[in-house]
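Novice: Below you will find the structure I want to go over with you.
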Amino acid sequence: GQVLGVELEGGERLEADAVLATCDPKQTLERLVSPVHLSQREAHHIRNFRARGTTAVVHLALSGALEFSSRPGQSFGRARLVTTLDDLERSFDGIKYGEVPARPALEVSVPSLTDRSLAPDGGTVVSILASFVPYDRKEGWDDAGREALGDMVVDTLAAWAPSVRDRIVGRDVLTPVDLETRYGTTGGHIHHGEHALDQLLLRPTPSASRYLGPIGGLYLGGSGNHPGGGLTGLPGWLSAGTLMG
């Protein structure tokens, strides 16, 4: 009924009176903790916590600046690219059927504007979140599907920034499955769980919504906890406050 620490993959044990887990709650409570330590109700709640990834990440290395045709010569650190609400709704429809939308909604950021060490002189690094890309694509994810997704994202971006095609010198495409594999996030969900109304207030489960896990000394503090994902750090801060009393 009490944590003793963490056992690493190689067998090494780190003893501790408390453990604050910032990995996603399904990873913590379904894989790292034995199911025998969860009540039937807790197991039911965490099993039904939805964490189906719908976002892909595309990184681009450019030989020049990212320029939008509507604002020539201007630099942008961040932009959201979508046409109409109807198009946004149609893009989301693909999630229901395991299909990648023809024109995904894009959230574009240019981190090299604030950190010049990310790119050589004259170069630019662009990081793109592409929605809505299904985790469980009908055909599955392979190299061909990954490259087709990258092409689709570049085509969508080029509708606003035509010069981007000629300036790409490198590209990295991460599907939701790749995000799951590389970062250990269940379902490849970038927020460790859907930001739906029923999963925000009592997040991730009613009994663990105040950052206390089902075992004494176990605290949850990742993006799967209230108030949700993003770069605020609030779930970890609130969980640490609970641990420290």
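By order in the structure tokens, chains are A, B, ...; within a chain, residues start at 1; ligands start at 1, following the order shown.
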With segment 1-20 of chain A as the partner and 8 Å as the cut-off, tabulate the residues of segment 179-226 of chain A that qualify, each row holding the nearest pair of atoms and their distance in Å to one decimal, using only C-alpha atoms, sorted by chain and rising number, as a tab-separated table.
Specialist:
residue	atom	partner	partner_atom	distance
A:Ile215	CA	A:Gly1	CA	5.5
A:Gly216	CA	A:Gln2	CA	4.4
A:Gly217	CA	A:Ala18	CA	4.3
A:Leu218	CA	A:Val19	CA	5.1
A:Tyr219	CA	A:Leu20	CA	4.6
A:Leu220	CA	A:Leu20	CA	5.7
A:Gly221	CA	A:Leu20	CA	6.4
Novice: Could the residues in this selection be written to a file with all heavy atoms, as a PDB file, in the first residue's frame?
Specialist:
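Written file, result.pdb:
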ATOM      1  N   ILE A 215      -1.846   4.577  -4.668  1.00  0.00           N
ATOM      2  CA  ILE A 215      -0.905   3.977  -3.715  1.00  0.00           C
ATOM      3  C   ILE A 215      -0.309   5.093  -2.874  1.00  0.00           C
ATOM      4  O   ILE A 215      -0.010   6.178  -3.394  1.00  0.00           O
ATOM      5  CB  ILE A 215       0.220   3.221  -4.447  1.00  0.00           C
ATOM      6  CG1 ILE A 215      -0.363   2.210  -5.428  1.00  0.00           C
ATOM      7  CG2 ILE A 215       1.142   2.522  -3.466  1.00  0.00           C
ATOM      8  CD1 ILE A 215       0.671   1.620  -6.357  1.00  0.00           C
ATOM      9  N   GLY A 216      -0.108   4.860  -1.614  1.00  0.00           N
ATOM     10  CA  GLY A 216       0.496   5.856  -0.746  1.00  0.00           C
ATOM     11  C   GLY A 216       1.855   6.282  -1.263  1.00  0.00           C
ATOM     12  O   GLY A 216       2.693   5.455  -1.597  1.00  0.00           O
ATOM     13  N   GLY A 217       2.089   7.582  -1.340  1.00  0.00           N
ATOM     14  CA  GLY A 217       3.376   8.097  -1.799  1.00  0.00           C
ATOM     15  C   GLY A 217       3.470   8.287  -3.300  1.00  0.00           C
ATOM     16  O   GLY A 217       4.478   8.795  -3.794  1.00  0.00           O
ATOM     17  N   LEU A 218       2.439   7.892  -4.057  1.00  0.00           N
ATOM     18  CA  LEU A 218       2.450   8.076  -5.510  1.00  0.00           C
ATOM     19  C   LEU A 218       1.647   9.323  -5.866  1.00  0.00           C
ATOM     20  O   LEU A 218       0.478   9.445  -5.501  1.00  0.00           O
ATOM     21  CB  LEU A 218       1.857   6.861  -6.218  1.00  0.00           C
ATOM     22  CG  LEU A 218       1.728   6.978  -7.751  1.00  0.00           C
ATOM     23  CD1 LEU A 218       3.098   7.140  -8.399  1.00  0.00           C
ATOM     24  CD2 LEU A 218       1.003   5.772  -8.328  1.00  0.00           C
ATOM     25  N   TYR A 219       2.291  10.234  -6.589  1.00  0.00           N
ATOM     26  CA  TYR A 219       1.647  11.475  -7.017  1.00  0.00           C
ATOM     27  C   TYR A 219       1.714  11.567  -8.540  1.00  0.00           C
ATOM     28  O   TYR A 219       2.693  11.163  -9.152  1.00  0.00           O
ATOM     29  CB  TYR A 219       2.347  12.692  -6.397  1.00  0.00           C
ATOM     30  CG  TYR A 219       2.245  12.731  -4.892  1.00  0.00           C
ATOM     31  CD1 TYR A 219       3.116  11.971  -4.099  1.00  0.00           C
ATOM     32  CD2 TYR A 219       1.282  13.502  -4.248  1.00  0.00           C
ATOM     33  CE1 TYR A 219       3.023  11.985  -2.716  1.00  0.00           C
ATOM     34  CE2 TYR A 219       1.180  13.529  -2.863  1.00  0.00           C
ATOM     35  CZ  TYR A 219       2.054  12.770  -2.100  1.00  0.00           C
ATOM     36  OH  TYR A 219       1.949  12.779  -0.735  1.00  0.00           O
ATOM     37  N   LEU A 220       0.662  12.107  -9.139  1.00  0.00           N
ATOM     38  CA  LEU A 220       0.595  12.278 -10.580  1.00  0.00           C
ATOM     39  C   LEU A 220       0.720  13.757 -10.901  1.00  0.00           C
ATOM     40  O   LEU A 220      -0.004  14.583 -10.340  1.00  0.00           O
ATOM     41  CB  LEU A 220      -0.717  11.731 -11.134  1.00  0.00           C
ATOM     42  CG  LEU A 220      -1.077  10.287 -10.752  1.00  0.00           C
ATOM     43  CD1 LEU A 220      -2.398   9.881 -11.397  1.00  0.00           C
ATOM     44  CD2 LEU A 220       0.031   9.323 -11.168  1.00  0.00           C
ATOM     45  N   GLY A 221       1.612  14.110 -11.841  1.00  0.00           N
ATOM     46  CA  GLY A 221       1.830  15.527 -12.111  1.00  0.00           C
ATOM     47  C   GLY A 221       2.119  15.847 -13.554  1.00  0.00           C
ATOM     48  O   GLY A 221       2.762  16.856 -13.852  1.00  0.00           O
TER      49      GLY A 221
END
Novice: Quick one: residues within 8 Å of His191 of chain A, only C-alpha atoms, excluding same-chain residues fewer than 4 positions away - as a ChimeraX atom specification?
Specialist: /A:195,223-224,228-230
Novice: Next, write the just-selected residues to a file, as a PDB file, in the first residue's frame, keeping all heavy atoms as the atom set.
Specialist:
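part00.pdb, freshly written:
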ATOM      1  N   HIS A 195      -8.614  16.870 -24.220  1.00  0.00           N
ATOM      2  CA  HIS A 195      -9.101  18.039 -23.484  1.00  0.00           C
ATOM      3  C   HIS A 195     -10.605  18.183 -23.690  1.00  0.00           C
ATOM      4  O   HIS A 195     -11.091  19.208 -24.187  1.00  0.00           O
ATOM      5  CB  HIS A 195      -8.383  19.304 -23.967  1.00  0.00           C
ATOM      6  CG  HIS A 195      -7.039  19.488 -23.347  1.00  0.00           C
ATOM      7  ND1 HIS A 195      -6.188  20.510 -23.686  1.00  0.00           N
ATOM      8  CD2 HIS A 195      -6.376  18.769 -22.415  1.00  0.00           C
ATOM      9  CE1 HIS A 195      -5.076  20.416 -22.986  1.00  0.00           C
ATOM     10  NE2 HIS A 195      -5.165  19.369 -22.212  1.00  0.00           N
ATOM     11  N   SER A 223       0.790  16.156 -17.852  1.00  0.00           N
ATOM     12  CA  SER A 223      -0.247  16.894 -18.575  1.00  0.00           C
ATOM     13  C   SER A 223      -1.602  16.205 -18.529  1.00  0.00           C
ATOM     14  O   SER A 223      -2.618  16.818 -18.849  1.00  0.00           O
ATOM     15  CB  SER A 223       0.178  17.078 -20.037  1.00  0.00           C
ATOM     16  OG  SER A 223       1.321  17.900 -20.132  1.00  0.00           O
ATOM     17  N   GLY A 224      -1.620  14.921 -18.138  1.00  0.00           N
ATOM     18  CA  GLY A 224      -2.879  14.208 -17.999  1.00  0.00           C
ATOM     19  C   GLY A 224      -3.640  14.588 -16.752  1.00  0.00           C
ATOM     20  O   GLY A 224      -4.720  14.066 -16.491  1.00  0.00           O
ATOM     21  N   GLY A 228      -4.458  20.329 -17.340  1.00  0.00           N
ATOM     22  CA  GLY A 228      -4.282  19.833 -18.696  1.00  0.00           C
ATOM     23  C   GLY A 228      -2.919  20.147 -19.282  1.00  0.00           C
ATOM     24  O   GLY A 228      -2.021  20.679 -18.619  1.00  0.00           O
ATOM     25  N   GLY A 229      -2.772  19.793 -20.567  1.00  0.00           N
ATOM     26  CA  GLY A 229      -1.472  19.895 -21.234  1.00  0.00           C
ATOM     27  C   GLY A 229      -1.135  21.290 -21.707  1.00  0.00           C
ATOM     28  O   GLY A 229      -1.868  22.246 -21.487  1.00  0.00           O
ATOM     29  N   GLY A 230      -0.010  21.377 -22.388  1.00  0.00           N
ATOM     30  CA  GLY A 230       0.526  22.660 -22.804  1.00  0.00           C
ATOM     31  C   GLY A 230       1.833  22.917 -22.078  1.00  0.00           C
ATOM     32  O   GLY A 230       2.399  22.028 -21.431  1.00  0.00           O
TER      33      GLY A 230
END
Novice: Separation of atom CA of Ser112 of chain A and atom CA of Gly236 of chain A, in Å?
Specialist: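 Distance reported for this atom pair: 27.3 Å.
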Novice: Grab the atom CA of Gly77 of chain A to atom CA of Ala65 of chain A distance for me, in Å with one decimal place.
Specialist: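 Between atom CA of Gly77 of chain A and atom CA of Ala65 of chain A the gap works out to 11.1 Å.
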Novice: Find the residue from A:Thr186, A:Gly213, A:Val133, A:Ser69 that sits nearest to Leu243 of chain A; use only C-alpha atoms when measuring.
Specialist: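 With only C-alpha atoms as the atom set, the closest residue is A:Gly213.
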Novice: Quick one: pick out all helix (DSSP H, G or I) residues within segment 182-245 of chain A from a backbone DSSP run and write them as a list in words.
Specialist: Arg182, Tyr183, Thr186, Gly187, Gly188, Leu197, Asp198, Gln199, Leu234, Pro235, Gly236, Trp237, Leu238, Ser239, Ala240, Gly241, Thr242, Leu243 and Met244 of chain A
Novice: Residues of segment 141-206 of chain A that approach segment 83-107 of chain A to 9 Å or less, counting only C-alpha atoms: could you list each one with the shortest pair of atoms and its distance in Å to one decimal, rows by chain and increasing residue number, as a tab-separated table?
Specialist:
residue	atom	partner	partner_atom	distance
A:Leu149	CA	A:Val100	CA	7.7
A:Met152	CA	A:Ala102	CA	6.9
A:Val153	CA	A:Pro104	CA	6.9
A:Asp155	CA	A:Arg103	CA	8.4
A:Thr156	CA	A:Arg103	CA	6.0
A:Leu157	CA	A:Leu106	CA	7.7
Novice: Restricted to all heavy atoms, what would the selected residues look like written as a PDB file, in the first residue's frame?
Specialist:
ATOM      1  N   LEU A 149       2.206  12.197 -45.617  1.00  0.00           N
ATOM      2  CA  LEU A 149       1.734  13.177 -44.643  1.00  0.00           C
ATOM      3  C   LEU A 149       2.613  14.425 -44.682  1.00  0.00           C
ATOM      4  O   LEU A 149       2.112  15.556 -44.675  1.00  0.00           O
ATOM      5  CB  LEU A 149       1.735  12.567 -43.246  1.00  0.00           C
ATOM      6  CG  LEU A 149       1.477  13.528 -42.079  1.00  0.00           C
ATOM      7  CD1 LEU A 149       0.095  14.161 -42.204  1.00  0.00           C
ATOM      8  CD2 LEU A 149       1.622  12.810 -40.750  1.00  0.00           C
ATOM      9  N   MET A 152       1.780  16.477 -47.643  1.00  0.00           N
ATOM     10  CA  MET A 152       0.487  17.140 -47.478  1.00  0.00           C
ATOM     11  C   MET A 152       0.623  18.389 -46.605  1.00  0.00           C
ATOM     12  O   MET A 152       0.018  19.429 -46.885  1.00  0.00           O
ATOM     13  CB  MET A 152      -0.498  16.149 -46.862  1.00  0.00           C
ATOM     14  CG  MET A 152      -1.957  16.491 -47.060  1.00  0.00           C
ATOM     15  SD  MET A 152      -3.008  15.159 -46.458  1.00  0.00           S
ATOM     16  CE  MET A 152      -2.575  13.850 -47.608  1.00  0.00           C
ATOM     17  N   VAL A 153       1.415  18.287 -45.552  1.00  0.00           N
ATOM     18  CA  VAL A 153       1.621  19.433 -44.666  1.00  0.00           C
ATOM     19  C   VAL A 153       2.361  20.549 -45.407  1.00  0.00           C
ATOM     20  O   VAL A 153       1.998  21.734 -45.305  1.00  0.00           O
ATOM     21  CB  VAL A 153       2.397  19.005 -43.408  1.00  0.00           C
ATOM     22  CG1 VAL A 153       2.849  20.222 -42.607  1.00  0.00           C
ATOM     23  CG2 VAL A 153       1.523  18.102 -42.532  1.00  0.00           C
ATOM     24  N   ASP A 155       2.394  21.041 -48.661  1.00  0.00           N
ATOM     25  CA  ASP A 155       1.461  21.596 -49.646  1.00  0.00           C
ATOM     26  C   ASP A 155       0.520  22.603 -48.996  1.00  0.00           C
ATOM     27  O   ASP A 155       0.215  23.660 -49.573  1.00  0.00           O
ATOM     28  CB  ASP A 155       0.641  20.475 -50.296  1.00  0.00           C
ATOM     29  CG  ASP A 155       1.462  19.608 -51.230  1.00  0.00           C
ATOM     30  OD1 ASP A 155       2.568  20.032 -51.611  1.00  0.00           O
ATOM     31  OD2 ASP A 155       1.001  18.497 -51.563  1.00  0.00           O
ATOM     32  N   THR A 156       0.024  22.255 -47.802  1.00  0.00           N
ATOM     33  CA  THR A 156      -0.892  23.155 -47.091  1.00  0.00           C
ATOM     34  C   THR A 156      -0.191  24.447 -46.700  1.00  0.00           C
ATOM     35  O   THR A 156      -0.730  25.545 -46.867  1.00  0.00           O
ATOM     36  CB  THR A 156      -1.459  22.455 -45.839  1.00  0.00           C
ATOM     37  OG1 THR A 156      -2.094  21.231 -46.220  1.00  0.00           O
ATOM     38  CG2 THR A 156      -2.464  23.338 -45.127  1.00  0.00           C
ATOM     39  N   LEU A 157       1.031  24.336 -46.175  1.00  0.00           N
ATOM     40  CA  LEU A 157       1.798  25.524 -45.790  1.00  0.00           C
ATOM     41  C   LEU A 157       2.124  26.380 -47.014  1.00  0.00           C
ATOM     42  O   LEU A 157       2.077  27.616 -46.955  1.00  0.00           O
ATOM     43  CB  LEU A 157       3.083  25.098 -45.083  1.00  0.00           C
ATOM     44  CG  LEU A 157       4.048  26.209 -44.660  1.00  0.00           C
ATOM     45  CD1 LEU A 157       3.368  27.185 -43.701  1.00  0.00           C
ATOM     46  CD2 LEU A 157       5.300  25.603 -44.011  1.00  0.00           C
TER      47      LEU A 157
END
Novice: Rank A:Leu234, A:Ala56, A:Leu202, A:Ala159 by their smallest atom-to-atom distance to Tyr135 of chain A, using only C-alpha atoms, and report the top residue only.
Specialist: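 Closest to Tyr135 of chain A, using only C-alpha atoms: A:Ala56.
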Novice: Skip Thr28 of chain A itself and residues of its chain fewer than 4 positions away, then list as a short mmCIF file (atom, residue, chain, number, x, y, z; two decimals) with all heavy atoms, in the first residue's frame all residues within 10 Å of it, counting only C-alpha atoms.
Specialist:
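Okay, this is what ended up in part.cif:
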data_model
loop_
_atom_site.label_atom_id
_atom_site.label_comp_id
_atom_site.auth_asym_id
_atom_site.auth_seq_id
_atom_site.Cartn_x
_atom_site.Cartn_y
_atom_site.Cartn_z
N ALA A 21 5.06 11.13 -10.67
CA ALA A 21 5.13 10.67 -12.06
C ALA A 21 4.58 11.72 -13.01
O ALA A 21 3.42 12.13 -12.87
CB ALA A 21 4.36 9.36 -12.22
N THR A 22 5.39 12.17 -13.95
CA THR A 22 4.93 13.15 -14.93
C THR A 22 4.67 12.52 -16.29
O THR A 22 4.36 13.24 -17.25
CB THR A 22 5.94 14.30 -15.08
OG1 THR A 22 7.21 13.76 -15.45
CG2 THR A 22 6.07 15.07 -13.79
N CYS A 23 4.82 11.21 -16.40
CA CYS A 23 4.39 10.55 -17.64
C CYS A 23 2.86 10.52 -17.66
O CYS A 23 2.21 10.85 -16.68
CB CYS A 23 4.98 9.15 -17.76
SG CYS A 23 4.96 8.20 -16.25
N ASP A 24 2.29 10.13 -18.80
CA ASP A 24 0.84 10.19 -18.89
C ASP A 24 0.19 9.19 -17.93
O ASP A 24 0.78 8.17 -17.59
CB ASP A 24 0.37 9.96 -20.33
CG ASP A 24 0.52 8.53 -20.79
OD1 ASP A 24 -0.39 7.72 -20.50
OD2 ASP A 24 1.53 8.21 -21.44
N LEU A 32 3.13 0.99 -15.48
CA LEU A 32 4.20 1.05 -14.49
C LEU A 32 3.76 0.55 -13.12
O LEU A 32 4.59 0.09 -12.34
CB LEU A 32 4.73 2.49 -14.39
CG LEU A 32 5.30 3.08 -15.68
CD1 LEU A 32 5.83 4.48 -15.44
CD2 LEU A 32 6.41 2.19 -16.24
N VAL A 33 2.47 0.67 -12.84
CA VAL A 33 1.93 0.16 -11.58
C VAL A 33 1.16 -1.13 -11.88
O VAL A 33 0.39 -1.18 -12.84
CB VAL A 33 0.98 1.20 -10.94
CG1 VAL A 33 0.24 0.59 -9.76
CG2 VAL A 33 1.76 2.43 -10.50
N SER A 34 1.38 -2.15 -11.09
CA SER A 34 0.67 -3.41 -11.30
C SER A 34 -0.83 -3.20 -11.08
O SER A 34 -1.24 -2.52 -10.13
CB SER A 34 1.18 -4.47 -10.33
OG SER A 34 0.38 -5.63 -10.42
N ILE A 46 -9.48 4.65 -15.37
CA ILE A 46 -8.25 4.92 -16.14
C ILE A 46 -8.30 4.21 -17.48
O ILE A 46 -7.76 4.69 -18.48
CB ILE A 46 -6.99 4.52 -15.33
CG1 ILE A 46 -5.75 5.16 -15.95
CG2 ILE A 46 -6.83 3.02 -15.25
CD1 ILE A 46 -5.74 6.67 -15.91
N GLY A 213 -2.13 9.41 -6.26
CA GLY A 213 -2.38 8.15 -6.94
C GLY A 213 -3.05 7.15 -6.02
O GLY A 213 -3.31 7.43 -4.84
N LEU A 218 2.44 7.89 -4.06
CA LEU A 218 2.45 8.08 -5.51
C LEU A 218 1.65 9.32 -5.87
O LEU A 218 0.48 9.45 -5.50
CB LEU A 218 1.86 6.86 -6.22
CG LEU A 218 1.73 6.98 -7.75
CD1 LEU A 218 3.10 7.14 -8.40
CD2 LEU A 218 1.00 5.77 -8.33
N LEU A 220 0.66 12.11 -9.14
CA LEU A 220 0.60 12.28 -10.58
C LEU A 220 0.72 13.76 -10.90
O LEU A 220 0.00 14.58 -10.34
CB LEU A 220 -0.72 11.73 -11.13
CG LEU A 220 -1.08 10.29 -10.75
CD1 LEU A 220 -2.40 9.88 -11.40
CD2 LEU A 220 0.03 9.32 -11.17
#
Novice: Out of segment 81-208 of chain A, which residues get strand (DSSP E or B) from DSSP, as a list in words?
Specialist: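 In segment 81-208 of chain A, DSSP puts these residues in strand (DSSP E or B): Leu81, Ala105, Leu106, Glu107, Val108, Ser109, Thr124, Val125, Val126, Ser127, Ile128, Leu129, Ala130, Ser131, Ile168, Val169, Gly170, Arg171, Asp172, Val173 and Leu174 of chain A.
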Novice: Report as a count of residues only all protein, DNA and RNA residues lying within 6 Å of Ile128 of chain A, evaluated on only C-alpha atoms, omitting residues in the same chain fewer than 4 positions from it.
Specialist: 4
Novice: Please determine, counting only C-alpha atoms, which residue among A:Lys26, A:Asp178, A:Ser207, A:Leu62 has the shortest atom-to-atom distance to Leu118 of chain A.
Specialist: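 With only C-alpha atoms as the atom set, the closest residue is A:Leu62.
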Novice: Of the candidates A:Pro111, A:Gly140, A:Pro176, A:Gly73, which one gets nearest to Gly53 of chain A if we count only C-alpha atoms?
Specialist: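 Smallest separation from Gly53 of chain A among the options: A:Pro176.
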Novice: How many Å separate atom CA of Ala119 of chain A from atom CA of Val82 of chain A?
Specialist: 27.2 Å
Novice: Between A:Gln27, A:Thr55, A:Ser163, A:Ser75, which has the minimum distance to Asp136 of chain A (counting only C-alpha atoms)?
Specialist: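 Nearest to Asp136 of chain A: A:Thr55.
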